[in-house]
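Asker: Sharing a structure here in structure tokens format.
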Amino acid sequence: MEAAIKMFKALSDETRLRIYLLLLQGELCVCELVNILNM
């Protein structure tokens, strides 16, 4: 239960959630994440 709570707290941040969802689709390097997320 504690692990699930930690995971959902981490995913409550919009940027972290977006990164997670992008990485579910496949590998990306940091430079690709930066471009996709406009950072």
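A note on labels: chains of the structure tokens are A, B, ... as shown, every chain counts residues from 1, and ligands are counted from 1 in their shown order.
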Could you pull the residues within 10 Å of Leu22 in chain A, counting only C-alpha atoms, minus those fewer than 6 positions along the same chain, as a PDB file with N, CA and C atoms, in the first residue's frame?

Answerer:
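Done, and the output landed in result13.pdb:
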ATOM      1  N   ARG A  16       5.888  14.964 -14.361  1.00  0.00           N
ATOM      2  CA  ARG A  16       6.269  13.572 -14.095  1.00  0.00           C
ATOM      3  C   ARG A  16       5.301  12.602 -14.759  1.00  0.00           C
ATOM      4  N   LEU A  28      13.126   6.872 -24.764  1.00  0.00           N
ATOM      5  CA  LEU A  28      13.440   8.214 -25.241  1.00  0.00           C
ATOM      6  C   LEU A  28      14.676   8.689 -24.500  1.00  0.00           C
ATOM      7  N   LEU A  33      13.021  13.972 -24.677  1.00  0.00           N
ATOM      8  CA  LEU A  33      12.039  14.393 -23.671  1.00  0.00           C
ATOM      9  C   LEU A  33      11.995  15.914 -23.567  1.00  0.00           C
ATOM     10  N   ILE A  36      10.113  17.291 -26.599  1.00  0.00           N
ATOM     11  CA  ILE A  36       8.681  16.990 -26.539  1.00  0.00           C
ATOM     12  C   ILE A  36       7.987  17.838 -25.482  1.00  0.00           C
ATOM     13  N   LEU A  37       8.636  18.009 -24.333  1.00  0.00           N
ATOM     14  CA  LEU A  37       8.032  18.739 -23.219  1.00  0.00           C
ATOM     15  C   LEU A  37       8.313  20.235 -23.273  1.00  0.00           C
TER      16      LEU A  37
END

Asker: Record the distance separating CA of Ala3 in chain A and CA of Val34 in chain A, expressed in Å with one decimal.

Answerer: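 These two atoms are separated by 27.9 Å.
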
Asker: According to DSSP computed on the backbone, where in range 1-36 of chain A is there alpha helix (DSSP H)? Give the residues as number ranges by chain.

Answerer: A: 2-11, 14-25, 30-36

Asker: With N, CA and C atoms retained, could you export that selection as an mmCIF file, in the first residue's frame?

Answerer:
data_model
loop_
_atom_site.group_PDB
_atom_site.id
_atom_site.type_symbol
_atom_site.label_atom_id
_atom_site.label_comp_id
_atom_site.auth_asym_id
_atom_site.auth_seq_id
_atom_site.Cartn_x
_atom_site.Cartn_y
_atom_site.Cartn_z
ATOM 1 N N GLU A 2 1.933 1.239 0.790
ATOM 2 C CA GLU A 2 2.821 2.399 0.881
ATOM 3 C C GLU A 2 3.468 2.705 -0.470
ATOM 4 N N ALA A 3 3.842 1.669 -1.205
ATOM 5 C CA ALA A 3 4.457 1.866 -2.522
ATOM 6 C C ALA A 3 3.470 2.528 -3.482
ATOM 7 N N ALA A 4 2.225 2.119 -3.426
ATOM 8 C CA ALA A 4 1.201 2.705 -4.296
ATOM 9 C C ALA A 4 0.993 4.178 -3.960
ATOM 10 N N ILE A 5 0.994 4.504 -2.695
ATOM 11 C CA ILE A 5 0.831 5.899 -2.268
ATOM 12 C C ILE A 5 1.978 6.749 -2.797
ATOM 13 N N LYS A 6 3.203 6.248 -2.675
ATOM 14 C CA LYS A 6 4.371 6.987 -3.173
ATOM 15 C C LYS A 6 4.288 7.184 -4.682
ATOM 16 N N MET A 7 3.866 6.146 -5.396
ATOM 17 C CA MET A 7 3.774 6.238 -6.848
ATOM 18 C C MET A 7 2.748 7.286 -7.261
ATOM 19 N N PHE A 8 1.576 7.264 -6.642
ATOM 20 C CA PHE A 8 0.543 8.220 -7.017
ATOM 21 C C PHE A 8 0.908 9.644 -6.620
ATOM 22 N N LYS A 9 1.646 9.816 -5.533
ATOM 23 C CA LYS A 9 2.128 11.149 -5.168
ATOM 24 C C LYS A 9 3.083 11.663 -6.229
ATOM 25 N N ALA A 10 3.983 10.797 -6.693
ATOM 26 C CA ALA A 10 4.942 11.198 -7.727
ATOM 27 C C ALA A 10 4.222 11.552 -9.022
ATOM 28 N N LEU A 11 3.190 10.801 -9.374
ATOM 29 C CA LEU A 11 2.470 11.033 -10.623
ATOM 30 C C LEU A 11 1.462 12.176 -10.527
ATOM 31 N N GLU A 14 2.252 17.074 -12.919
ATOM 32 C CA GLU A 14 1.898 16.954 -14.338
ATOM 33 C C GLU A 14 3.092 16.567 -15.208
ATOM 34 N N THR A 15 4.246 17.169 -14.966
ATOM 35 C CA THR A 15 5.419 16.862 -15.785
ATOM 36 C C THR A 15 5.863 15.427 -15.587
ATOM 37 N N ARG A 16 5.888 14.964 -14.361
ATOM 38 C CA ARG A 16 6.269 13.572 -14.095
ATOM 39 C C ARG A 16 5.301 12.602 -14.759
ATOM 40 N N LEU A 17 4.023 12.918 -14.705
ATOM 41 C CA LEU A 17 3.019 12.063 -15.342
ATOM 42 C C LEU A 17 3.220 12.030 -16.854
ATOM 43 N N ARG A 18 3.496 13.182 -17.458
ATOM 44 C CA ARG A 18 3.728 13.229 -18.903
ATOM 45 C C ARG A 18 4.950 12.404 -19.286
ATOM 46 N N ILE A 19 6.031 12.527 -18.509
ATOM 47 C CA ILE A 19 7.240 11.741 -18.774
ATOM 48 C C ILE A 19 6.927 10.258 -18.667
ATOM 49 N N TYR A 20 6.222 9.871 -17.640
ATOM 50 C CA TYR A 20 5.853 8.466 -17.442
ATOM 51 C C TYR A 20 5.053 7.941 -18.633
ATOM 52 N N LEU A 21 4.058 8.701 -19.062
ATOM 53 C CA LEU A 21 3.219 8.267 -20.178
ATOM 54 C C LEU A 21 4.015 8.180 -21.479
ATOM 55 N N LEU A 22 4.939 9.111 -21.682
ATOM 56 C CA LEU A 22 5.786 9.056 -22.874
ATOM 57 C C LEU A 22 6.675 7.823 -22.856
ATOM 58 N N LEU A 23 7.249 7.519 -21.704
ATOM 59 C CA LEU A 23 8.163 6.383 -21.612
ATOM 60 C C LEU A 23 7.434 5.044 -21.697
ATOM 61 N N LEU A 24 6.154 5.027 -21.407
ATOM 62 C CA LEU A 24 5.370 3.803 -21.591
ATOM 63 C C LEU A 24 5.305 3.413 -23.067
ATOM 64 N N GLN A 25 5.415 4.414 -23.930
ATOM 65 C CA GLN A 25 5.329 4.171 -25.370
ATOM 66 C C GLN A 25 6.647 3.664 -25.941
ATOM 67 N N VAL A 30 17.077 11.845 -23.038
ATOM 68 C CA VAL A 30 16.735 13.088 -22.350
ATOM 69 C C VAL A 30 16.496 14.212 -23.349
ATOM 70 N N CYS A 31 17.315 14.294 -24.388
ATOM 71 C CA CYS A 31 17.147 15.374 -25.372
ATOM 72 C C CYS A 31 15.787 15.278 -26.066
ATOM 73 N N GLU A 32 15.297 14.070 -26.304
ATOM 74 C CA GLU A 32 13.976 13.903 -26.913
ATOM 75 C C GLU A 32 12.874 14.334 -25.948
ATOM 76 N N LEU A 33 13.021 13.972 -24.677
ATOM 77 C CA LEU A 33 12.039 14.393 -23.671
ATOM 78 C C LEU A 33 11.995 15.914 -23.567
ATOM 79 N N VAL A 34 13.163 16.538 -23.567
ATOM 80 C CA VAL A 34 13.236 17.997 -23.474
ATOM 81 C C VAL A 34 12.499 18.638 -24.644
ATOM 82 N N ASN A 35 12.718 18.125 -25.843
ATOM 83 C CA ASN A 35 12.044 18.680 -27.025
ATOM 84 C C ASN A 35 10.539 18.470 -26.965
ATOM 85 N N ILE A 36 10.113 17.291 -26.599
ATOM 86 C CA ILE A 36 8.681 16.990 -26.539
ATOM 87 C C ILE A 36 7.987 17.838 -25.482
#
